[in-house]
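**Q** File name upload-v7.txt; file contents compact mmCIF, C-alpha atoms; full text below.
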# COMPACT_ATOMS: atom_id res chain seq x y z
CA MET A 1 -17.51 12.18 60.70
CA ALA A 2 -17.97 10.13 57.56
CA THR A 3 -15.11 9.99 55.10
CA SER A 4 -15.43 9.50 51.39
CA ARG A 5 -13.34 6.97 49.51
CA VAL A 6 -11.81 7.96 46.17
CA VAL A 7 -12.55 5.31 43.55
CA PRO A 8 -9.82 5.18 40.90
CA MET A 9 -11.03 5.70 37.36
CA LYS A 10 -10.92 2.63 35.17
CA VAL A 11 -8.46 3.11 32.33
CA ALA A 12 -9.79 1.91 28.96
CA LYS A 13 -7.68 -0.82 27.41
CA MET A 14 -7.18 -2.21 23.92
CA LYS A 15 -5.33 -5.09 22.29
CA ALA A 16 -2.50 -4.61 19.83
CA ALA A 17 0.06 -6.80 18.05
CA GLN A 18 3.47 -5.26 18.62
CA ILE A 19 7.09 -5.93 17.74
CA SER A 20 9.29 -5.41 20.83
CA LYS A 21 12.60 -5.22 18.94
CA PRO A 22 13.94 -5.88 15.43
CA GLY A 23 13.47 -9.52 14.46
CA ALA A 24 11.19 -10.32 17.39
CA ASP A 25 7.96 -12.27 17.10
CA PHE A 26 4.57 -10.60 17.28
CA GLN A 27 3.21 -10.11 20.80
CA ILE A 28 -0.50 -9.51 21.38
CA VAL A 29 -0.52 -7.16 24.34
CA GLU A 30 -2.96 -5.02 26.28
CA ARG A 31 -2.38 -1.28 26.09
CA THR A 32 -4.09 1.87 27.21
CA ILE A 33 -6.25 3.30 24.43
CA PRO A 34 -4.28 6.32 23.14
CA GLU A 35 -5.63 9.86 23.39
CA PRO A 36 -5.46 12.06 20.27
CA GLY A 37 -3.37 15.19 20.68
CA PRO A 38 -3.86 18.51 18.86
CA GLY A 39 -4.34 17.94 15.14
CA GLN A 40 -4.74 14.19 15.64
CA VAL A 41 -7.58 11.71 15.21
CA ARG A 42 -8.18 8.45 17.02
CA ILE A 43 -9.43 5.63 14.79
CA LYS A 44 -11.29 2.51 15.85
CA VAL A 45 -9.73 -0.04 13.52
CA ASN A 46 -12.03 -2.45 11.71
CA ALA A 47 -9.57 -3.95 9.21
CA CYS A 48 -5.89 -3.66 8.41
CA GLY A 49 -4.03 -5.03 5.44
CA ILE A 50 -0.72 -6.84 5.90
CA CYS A 51 1.76 -5.48 3.38
CA HIS A 52 5.23 -6.76 2.50
CA SER A 53 6.54 -3.35 3.61
CA ASP A 54 5.65 -4.34 7.18
CA VAL A 55 8.92 -6.29 7.02
CA LEU A 56 10.58 -2.89 7.59
CA VAL A 57 9.18 -2.89 11.14
CA LYS A 58 9.38 -6.61 11.79
CA GLU A 59 13.08 -6.78 10.90
CA GLY A 60 14.13 -3.24 11.84
CA VAL A 61 15.27 -2.24 8.36
CA PHE A 62 15.04 1.45 9.26
CA PRO A 63 17.47 2.06 12.17
CA TRP A 64 15.44 5.00 13.46
CA ILE A 65 12.27 2.98 14.25
CA GLN A 66 11.36 3.20 17.93
CA TYR A 67 10.25 -0.02 19.63
CA PRO A 68 7.95 -1.46 20.70
CA ARG A 69 6.06 -0.66 17.52
CA VAL A 70 2.66 -1.71 16.19
CA PRO A 71 2.84 -2.09 12.38
CA GLY A 72 0.08 -1.52 9.86
CA HIS A 73 -0.39 1.07 7.10
CA GLU A 74 -3.51 -0.22 5.32
CA VAL A 75 -5.99 0.80 7.99
CA ALA A 76 -9.77 1.04 7.62
CA GLY A 77 -12.05 2.07 10.47
CA ILE A 78 -14.08 4.92 11.91
CA VAL A 79 -13.24 8.15 13.69
CA ASP A 80 -13.52 7.49 17.42
CA GLU A 81 -12.34 10.84 18.81
CA VAL A 82 -10.72 14.00 17.48
CA GLY A 83 -8.08 16.19 19.10
CA ASP A 84 -8.04 19.96 19.44
CA GLY A 85 -7.93 21.86 16.17
CA VAL A 86 -9.51 19.09 14.10
CA SER A 87 -12.58 20.31 12.22
CA ASP A 88 -12.67 18.32 8.97
CA TRP A 89 -13.29 14.90 10.53
CA THR A 90 -16.23 13.87 12.69
CA THR A 91 -16.89 11.03 15.11
CA GLY A 92 -18.35 7.98 13.37
CA GLN A 93 -16.98 8.92 9.94
CA ARG A 94 -15.43 6.09 7.91
CA VAL A 95 -11.74 6.74 7.35
CA GLY A 96 -8.51 5.04 6.45
CA VAL A 97 -4.77 5.60 6.72
CA GLY A 98 -2.23 4.42 4.16
CA TRP A 99 1.53 4.51 3.71
CA HIS A 100 1.55 8.32 3.63
CA GLY A 101 1.19 8.93 7.35
CA GLY A 102 1.60 12.70 7.50
CA HIS A 103 3.73 15.60 6.31
CA ASP A 104 5.11 18.76 7.89
CA GLY A 105 3.62 21.24 5.40
CA THR A 106 6.68 23.49 5.70
CA CYS A 107 9.59 21.82 3.90
CA ARG A 108 10.59 22.78 0.35
CA GLU A 109 8.60 19.94 -1.22
CA CYS A 110 5.46 20.57 0.84
CA ARG A 111 5.58 24.28 0.01
CA ARG A 112 5.35 23.22 -3.62
CA GLY A 113 2.51 20.76 -3.01
CA ASP A 114 4.72 17.67 -3.37
CA PHE A 115 3.54 16.18 -0.08
CA VAL A 116 4.44 12.59 -0.95
CA ASN A 117 8.12 13.63 -0.96
CA CYS A 118 7.98 15.59 2.30
CA ARG A 119 11.46 15.64 3.84
CA ASN A 120 9.97 15.00 7.26
CA GLY A 121 7.14 12.73 6.17
CA LYS A 122 5.70 10.08 8.45
CA ILE A 123 4.80 6.48 7.66
CA ALA A 124 1.82 4.92 9.43
CA GLY A 125 2.87 1.89 11.43
CA VAL A 126 6.53 2.83 11.09
CA SER A 127 6.91 6.39 12.40
CA TYR A 128 4.08 5.78 14.87
CA ASP A 129 1.85 2.87 15.88
CA GLY A 130 -0.37 1.59 13.10
CA GLY A 131 -3.37 -0.61 12.48
CA TYR A 132 -2.40 -3.98 13.99
CA GLY A 133 -4.51 -3.02 16.97
CA GLU A 134 -8.02 -2.07 17.99
CA TYR A 135 -7.29 1.67 18.05
CA MET A 136 -4.63 3.99 16.63
CA VAL A 137 -3.93 7.72 16.48
CA ALA A 138 -2.90 9.49 13.28
CA PRO A 139 -2.30 13.09 12.12
CA GLN A 140 -5.42 14.56 10.56
CA GLU A 141 -3.66 15.20 7.23
CA ALA A 142 -3.03 11.45 6.85
CA LEU A 143 -6.71 10.48 6.86
CA VAL A 144 -8.62 9.23 3.83
CA ALA A 145 -12.42 9.27 3.54
CA ILE A 146 -13.78 5.80 2.68
CA PRO A 147 -16.96 5.76 0.55
CA ASP A 148 -19.87 3.75 1.92
CA GLY A 149 -19.96 1.41 -1.07
CA LEU A 150 -16.61 -0.15 -0.16
CA SER A 151 -16.29 -2.63 2.69
CA ASP A 152 -13.47 -2.16 5.19
CA VAL A 153 -11.86 -5.39 4.00
CA ASP A 154 -11.87 -4.20 0.37
CA ALA A 155 -10.79 -0.67 1.24
CA ALA A 156 -7.78 -1.63 3.37
CA PRO A 157 -5.49 -2.97 0.59
CA LEU A 158 -6.48 -0.11 -1.69
CA LEU A 159 -4.98 2.36 0.79
CA ASP A 160 -1.47 1.29 -0.25
CA ALA A 161 -1.34 -1.43 -2.91
CA GLY A 162 -4.31 0.15 -4.67
CA VAL A 163 -3.15 3.76 -4.75
CA THR A 164 0.38 2.69 -5.71
CA THR A 165 -0.73 0.90 -8.89
CA TYR A 166 -3.53 3.35 -9.73
CA ASN A 167 -1.31 6.40 -9.26
CA ALA A 168 1.62 4.93 -11.19
CA LEU A 169 -0.61 4.09 -14.13
CA ARG A 170 -2.41 7.41 -14.29
CA ASN A 171 0.93 9.26 -14.15
CA SER A 172 2.71 6.98 -16.63
CA GLY A 173 1.86 8.96 -19.75
CA ALA A 174 0.02 6.05 -21.38
CA MET A 175 -3.11 6.89 -23.36
CA PRO A 176 -6.21 4.74 -24.00
CA GLY A 177 -5.36 2.11 -26.60
CA ASP A 178 -1.63 2.05 -25.75
CA LEU A 179 0.06 -1.25 -24.95
CA VAL A 180 0.63 -1.39 -21.21
CA ALA A 181 2.28 -4.41 -19.61
CA VAL A 182 1.89 -5.40 -15.98
CA GLN A 183 4.82 -7.48 -14.70
CA GLY A 184 3.75 -9.80 -11.89
CA ILE A 185 0.29 -11.14 -11.05
CA GLY A 186 0.42 -10.72 -7.28
CA GLY A 187 -0.63 -8.31 -4.58
CA LEU A 188 0.11 -5.25 -6.71
CA GLY A 189 -0.14 -6.79 -10.15
CA HIS A 190 -3.65 -8.21 -9.83
CA LEU A 191 -4.85 -4.67 -9.12
CA GLY A 192 -2.64 -3.20 -11.84
CA VAL A 193 -4.22 -5.43 -14.50
CA GLN A 194 -7.71 -4.36 -13.41
CA PHE A 195 -6.84 -0.65 -13.39
CA ALA A 196 -5.07 -0.87 -16.75
CA ASN A 197 -8.12 -2.50 -18.31
CA LYS A 198 -10.49 0.10 -16.89
CA PHE A 199 -8.20 2.89 -18.14
CA GLY A 200 -8.72 1.60 -21.66
CA TYR A 201 -5.21 0.26 -22.28
CA ASN A 202 -4.28 -2.75 -24.36
CA VAL A 203 -3.14 -4.86 -21.40
CA ALA A 204 -0.45 -7.51 -21.47
CA ALA A 205 0.06 -9.38 -18.19
CA ILE A 206 3.47 -10.95 -17.58
CA GLY A 207 3.80 -13.82 -15.12
CA ARG A 208 5.87 -16.93 -14.49
CA GLY A 209 4.25 -20.16 -15.61
CA PRO A 210 1.00 -20.95 -17.41
CA ASP A 211 -1.14 -21.12 -14.27
CA ASN A 212 -1.81 -17.37 -14.15
CA ALA A 213 -3.11 -17.13 -17.70
CA VAL A 214 -6.80 -17.74 -16.92
CA LEU A 215 -6.78 -15.38 -13.94
CA ALA A 216 -4.97 -12.66 -15.89
CA LYS A 217 -7.61 -12.76 -18.63
CA LYS A 218 -10.37 -12.74 -16.01
CA LEU A 219 -8.84 -9.63 -14.39
CA GLY A 220 -8.84 -7.85 -17.74
CA ALA A 221 -5.61 -8.71 -19.57
CA HIS A 222 -5.90 -8.93 -23.36
CA ALA A 223 -2.74 -11.02 -23.61
CA TYR A 224 -0.74 -13.18 -21.21
CA ILE A 225 3.03 -13.68 -21.50
CA ASP A 226 4.65 -16.56 -19.67
CA SER A 227 8.14 -15.24 -18.93
CA SER A 228 9.37 -18.71 -17.94
CA ALA A 229 8.59 -20.13 -21.37
CA THR A 230 9.26 -17.18 -23.69
CA ASN A 231 11.35 -14.02 -23.91
CA ALA A 232 8.89 -11.49 -22.50
CA ALA A 233 10.63 -8.49 -24.08
CA GLN A 234 10.47 -10.09 -27.53
CA GLU A 235 6.81 -10.95 -27.03
CA LEU A 236 6.08 -7.31 -26.15
CA GLN A 237 7.84 -6.18 -29.32
CA LYS A 238 5.70 -8.59 -31.35
CA LEU A 239 2.70 -6.71 -29.92
CA GLY A 240 4.21 -3.40 -31.03
CA GLY A 241 6.38 -2.51 -28.04
CA ALA A 242 5.04 -1.38 -24.67
CA ARG A 243 4.31 2.27 -24.04
CA VAL A 244 4.55 1.45 -20.33
CA VAL A 245 5.63 -1.53 -18.27
CA ILE A 246 4.46 -1.44 -14.65
CA ALA A 247 6.95 -3.56 -12.72
CA THR A 248 5.23 -4.89 -9.61
CA ALA A 249 7.14 -8.06 -8.72
CA PRO A 250 10.20 -7.26 -6.54
CA SER A 251 12.76 -8.85 -8.88
CA SER A 252 15.27 -6.42 -10.34
CA LYS A 253 16.51 -9.06 -12.77
CA ALA A 254 12.98 -9.54 -14.13
CA MET A 255 12.48 -5.78 -14.37
CA SER A 256 15.76 -5.29 -16.21
CA SER A 257 14.85 -7.95 -18.76
CA LEU A 258 11.81 -5.94 -19.85
CA VAL A 259 13.63 -2.76 -20.91
CA ASP A 260 14.00 -4.21 -24.41
CA GLY A 261 10.24 -4.72 -24.50
CA LEU A 262 9.58 -0.98 -24.43
CA GLY A 263 8.53 0.78 -27.61
CA PRO A 264 9.71 4.26 -28.63
CA ASN A 265 9.30 6.71 -25.74
CA GLY A 266 8.45 3.74 -23.55
CA LYS A 267 8.67 3.87 -19.79
CA LEU A 268 9.48 1.23 -17.18
CA MET A 269 7.55 2.24 -14.04
CA VAL A 270 9.07 0.57 -10.98
CA ILE A 271 6.75 0.05 -8.00
CA GLY A 272 7.92 -3.34 -6.73
CA ALA A 273 10.54 -2.67 -4.04
CA ALA A 274 13.79 -4.64 -4.41
CA MET A 275 17.22 -3.92 -2.94
CA ASP A 276 19.45 -4.86 -5.88
CA ALA A 277 20.02 -2.78 -9.01
CA VAL A 278 17.78 -2.45 -12.04
CA GLU A 279 20.18 -2.53 -14.98
CA ALA A 280 20.00 -0.96 -18.42
CA THR A 281 22.73 0.05 -20.84
CA PRO A 282 22.90 3.64 -22.09
CA THR A 283 22.14 2.45 -25.63
CA GLN A 284 18.97 0.70 -24.44
CA LEU A 285 17.71 4.03 -23.15
CA ILE A 286 19.13 6.36 -25.80
CA PHE A 287 17.77 4.53 -28.84
CA GLY A 288 14.02 4.84 -28.45
CA ASN A 289 14.14 7.57 -25.78
CA ARG A 290 13.25 5.06 -23.09
CA VAL A 291 12.81 5.96 -19.42
CA ILE A 292 13.08 4.12 -16.10
CA GLN A 293 11.10 5.78 -13.32
CA GLY A 294 10.24 4.87 -9.75
CA TRP A 295 6.86 5.68 -8.25
CA ALA A 296 5.90 5.99 -4.60
CA SER A 297 2.46 5.35 -3.15
CA GLY A 298 0.37 8.53 -3.03
CA THR A 299 -1.13 11.25 -0.89
CA PRO A 300 -4.46 10.87 0.91
CA ALA A 301 -6.05 12.91 -1.90
CA ALA A 302 -4.72 10.45 -4.49
CA THR A 303 -5.94 7.59 -2.32
CA GLU A 304 -9.45 9.04 -2.25
CA ASP A 305 -9.28 9.23 -6.05
CA THR A 306 -8.35 5.54 -6.05
CA LEU A 307 -11.24 4.54 -3.79
CA ASN A 308 -13.75 6.55 -5.79
CA PHE A 309 -12.48 5.09 -9.06
CA CYS A 310 -12.87 1.60 -7.61
CA MET A 311 -16.43 2.45 -6.65
CA LEU A 312 -17.21 3.57 -10.21
CA SER A 313 -15.32 0.85 -12.07
CA GLY A 314 -15.82 -2.23 -9.89
CA VAL A 315 -12.10 -2.81 -9.28
CA ARG A 316 -11.65 -4.84 -6.09
CA PRO A 317 -8.72 -6.56 -4.40
CA MET A 318 -8.65 -10.32 -3.93
CA VAL A 319 -8.14 -10.90 -0.21
CA GLU A 320 -7.59 -13.58 2.40
CA ILE A 321 -9.07 -12.63 5.78
CA TYR A 322 -7.56 -13.48 9.17
CA PRO A 323 -8.86 -12.56 12.65
CA PHE A 324 -6.64 -10.21 14.66
CA GLU A 325 -5.72 -13.02 17.05
CA GLN A 326 -3.94 -14.77 14.15
CA THR A 327 -1.68 -11.84 13.28
CA ALA A 328 1.49 -13.95 13.29
CA GLU A 329 -0.06 -16.58 11.00
CA ALA A 330 -1.41 -13.89 8.68
CA TYR A 331 2.01 -12.24 8.46
CA GLN A 332 3.65 -15.56 7.58
CA ARG A 333 0.97 -16.17 4.95
CA MET A 334 1.87 -12.84 3.37
CA LEU A 335 5.59 -13.69 3.45
CA SER A 336 5.00 -17.08 1.83
CA GLY A 337 4.00 -15.45 -1.45
CA LYS A 338 1.13 -17.92 -1.73
CA ALA A 339 -1.69 -15.60 -0.62
CA GLU A 340 -4.28 -14.66 -3.24
CA PHE A 341 -3.49 -11.85 -3.12
CA ARG A 342 -3.72 -9.47 -0.16
CA VAL A 343 -3.93 -10.55 3.48
CA VAL A 344 -6.28 -8.53 5.73
CA LEU A 345 -6.74 -8.60 9.51
CA THR A 346 -10.18 -7.96 10.95
CA MET A 347 -10.74 -6.68 14.48
Please re-express this file's structure in structure tokens.
**A**
Amino acid sequence: MATSRVVPMKVAKMKAAQISKPGADFQIVERTIPEPGPGQVRIKVNACGICHSDVLVKEGVFPWIQYPRVPGHEVAGIVDEVGDGVSDWTTGQRVGVGWHGGHDGTCRECRRGDFVNCRNGKIAGVSYDGGYGEYMVAPQEALVAIPDGLSDVDAAPLLDAGVTTYNALRNSGAMPGDLVAVQGIGGLGHLGVQFANKFGYNVAAIGRGPDNAVLAKKLGAHAYIDSSATNAAQELQKLGGARVVIATAPSSKAMSSLVDGLGPNGKLMVIGAAMDAVEATPTQLIFGNRVIQGWASGTPAATEDTLNFCMLSGVRPMVEIYPFEQTAEAYQRMLSGKAEFRVVLTM
């Protein structure tokens, strides 16, 4: 009697760059391609931006991160498979995932539509594995539709750096014609200058040294202030006082020095993450009704607004591209502060 032999099914594999423990080096490993669960979507990653916030995973800043972990929250790719209960996303559709990696929909903030402040919110590449790999799985509510006119490499940084600057500016209270200053001409700031120009603001770019002046004007700044050679706050007052200062460079000392550059009812919008204190005296705030406000990234809906605005206005990030195999080198390039201006991995 003939017997049949059971042939084991071949398990599909993928490559990912993981951190095994806080402070460890990147390891490129082979993993089983993850299956999407109910309400989840599997994404075939085409590009992933490397953001300074990936330091949170690399160095274990959040004690609750589970390792090994694959970072990455500026993910652009296509829908590869959908889990049960997913009806709004289809296989082959271009999608992205940013910092906002999901929300519970039931907490006090979510019940009021404030999803970005969900008390149980998830962060892509922090709460679960992100885009430093060939595939990833994300909750369906975290997905962003990418318009066809944007390349994956251009879209990736806009999913975090882009929406952060765009959203902060459009919620700052500034009106067309107002003086808006962008502190820092870097990964966030070079986008902030472009957005501010397209919003119709009178844009003053603030950087250290004369070398950024030509680029700042090219990006859309109407004035450039070299904070290493002049008192930036005094220069802003000479221009009439800023209605808004968008602080993008993670230097609390530099941010604090700009409070005196605000005009009446002026606002310092803080989006550059630093660990030390931003300082202002009560009299600096009281006289002139000045405000200091922080601003987080944005929901997927806000991110889609950002991408569509970029399509209409021509705003694009300046990027340096690295192949996935050079993840460690790309991460170090980001850390060096010398990249112009966003670093993007391609798969």
**Q** For Glu329 of chain A, please output as a list of chain:residue names all residues within 12 Å (counting all atoms listed in the file; exclusion window: fewer than 3 positions along the same chain).
**A**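 Residues near the query, excluding close chain neighbours: A:Asp25, A:Phe26, A:Ile50, A:Glu320, A:Ile321, A:Tyr322, A:Pro323, A:Phe324, A:Glu325, A:Gln326, A:Gln332, A:Arg333, A:Met334, A:Leu335, A:Ser336, A:Ala339, A:Val343, A:Val344, A:Leu345.
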**Q** Could you make a table, as a Markdown table, of the residues of segment 100-207 of chain A that have an atom within 9 Å of an atom of segment 29-38 of chain A, each with its nearest atom pair and distance in Å to one decimal, counting all atoms listed in the file, in chain and number order?
**A**
| residue | atom | partner | partner_atom | distance |
| --- | --- | --- | --- | --- |
| A:Glu134 | CA | A:Ile33 | CA | 8.6 |
| A:Tyr135 | CA | A:Ile33 | CA | 6.7 |
| A:Met136 | CA | A:Pro34 | CA | 6.9 |
| A:Val137 | CA | A:Pro36 | CA | 6.0 |
| A:Ala138 | CA | A:Pro36 | CA | 7.9 |
| A:Pro139 | CA | A:Pro38 | CA | 8.8 |
**Q** Taking all atoms listed in the file into account, name the residue in A:Thr164, A:Gln237, A:Ser53, A:Thr230 that is nearest to Ser297 of chain A.
**A**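 Looking only at the distances to Ser297 of chain A, the closest residue turns out to be A:Thr164.
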**Q** Would you mind listing what lies within 8 Å of segment 249-266 of chain A as a ChimeraX atom specification, with all atoms listed in the file counted and same-chain residues fewer than 2 positions away left out?
**A** /A:183-186,188-189,232-237,240-245,247,268,270,272-274,276-280,284,288-291
**Q** Write the residues of the preceding selection, restricted to C-alpha atoms, as a compact mmCIF listing (two decimals), in the coordinates of the input.
**A**
# COMPACT_ATOMS: atom_id res chain seq x y z
CA GLN A 183 4.82 -7.48 -14.70
CA GLY A 184 3.75 -9.80 -11.89
CA ILE A 185 0.29 -11.14 -11.05
CA GLY A 186 0.42 -10.72 -7.28
CA LEU A 188 0.11 -5.25 -6.71
CA GLY A 189 -0.14 -6.79 -10.15
CA ALA A 232 8.89 -11.49 -22.50
CA ALA A 233 10.63 -8.49 -24.08
CA GLN A 234 10.47 -10.09 -27.53
CA GLU A 235 6.81 -10.95 -27.03
CA LEU A 236 6.08 -7.31 -26.15
CA GLN A 237 7.84 -6.18 -29.32
CA GLY A 240 4.21 -3.40 -31.03
CA GLY A 241 6.38 -2.51 -28.04
CA ALA A 242 5.04 -1.38 -24.67
CA ARG A 243 4.31 2.27 -24.04
CA VAL A 244 4.55 1.45 -20.33
CA VAL A 245 5.63 -1.53 -18.27
CA ALA A 247 6.95 -3.56 -12.72
CA LEU A 268 9.48 1.23 -17.18
CA VAL A 270 9.07 0.57 -10.98
CA GLY A 272 7.92 -3.34 -6.73
CA ALA A 273 10.54 -2.67 -4.04
CA ALA A 274 13.79 -4.64 -4.41
CA ASP A 276 19.45 -4.86 -5.88
CA ALA A 277 20.02 -2.78 -9.01
CA VAL A 278 17.78 -2.45 -12.04
CA GLU A 279 20.18 -2.53 -14.98
CA ALA A 280 20.00 -0.96 -18.42
CA GLN A 284 18.97 0.70 -24.44
CA GLY A 288 14.02 4.84 -28.45
CA ASN A 289 14.14 7.57 -25.78
CA ARG A 290 13.25 5.06 -23.09
CA VAL A 291 12.81 5.96 -19.42
**Q** Please identify all polymer residues lying at most 10 Å from the point (3.6, -11.1, -17.0) (file coordinates), using all atoms listed in the file, and present the result as a ChimeraX atom specification.
**A** /A:181-185,189,193,204-209,212-213,216,221,223-228,232,245-249,254
**Q** Tell me, as a VMD selection string, which residues lie within 7 Å of Gly98 of chain A, counting all atoms listed in the file; anything in the same chain fewer than 6 positions away does not count.
**A** chain A and resid 73 to 75 124 159 to 160
**Q** Could you state the separation of atom CA of Asp178 of chain A and atom CA of Cys310 of chain A in Å, given to one decimal place?
**A**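 Separating atom CA of Asp178 of chain A from atom CA of Cys310 of chain A is a distance of 21.3 Å.
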**Q** Skipping near chain neighbours, those fewer than 3 positions away, what residues fall within 8 Å of Ile28 of chain A using all atoms listed in the file, listed as a list in words?
**A**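 Close residues of Ile28 of chain A: Lys15, Ala16, Ala17, Gln18 and Glu325 of chain A.
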**Q** Skipping near chain neighbours, those fewer than 5 positions away, what residues fall within 9 Å of segment 80-95 of chain A using all atoms listed in the file, listed as number ranges by chain?
**A** A: 35-44, 75, 135, 140, 143-148, 152
**Q** What is the atom CA of Gly72 of chain A to atom CA of Cys51 of chain A distance in Å?
**A**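 Answer for the atom CA of Gly72 of chain A to atom CA of Cys51 of chain A separation: 7.8 Å.
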**Q** What does the distance from atom CA of Thr281 of chain A to atom CA of Leu169 of chain A come to in Å, to one decimal?
**A**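 Atom-to-atom, atom CA of Thr281 of chain A to atom CA of Leu169 of chain A, that is 24.6 Å.
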**Q** Check the smallest atom-to-atom distance from each of A:Asn120, A:Asn46, A:Gly102, A:Ala302 to Ile78 of chain A using all atoms listed in the file, then report the winner.
**A**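 Under the stated criterion, the closest residue is A:Asn46.
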**Q** Return as AutoDock Vina command-line options the box centre and box size in Å, one decimal, for an axis-aligned box around all listed atoms of segment 109-127 of chain A padded by 4 Å per side.
**A**
--center_x 6.6 --center_y 13.1 --center_z 4.4 --size_x 17.6 --size_y 30.4 --size_z 24.0
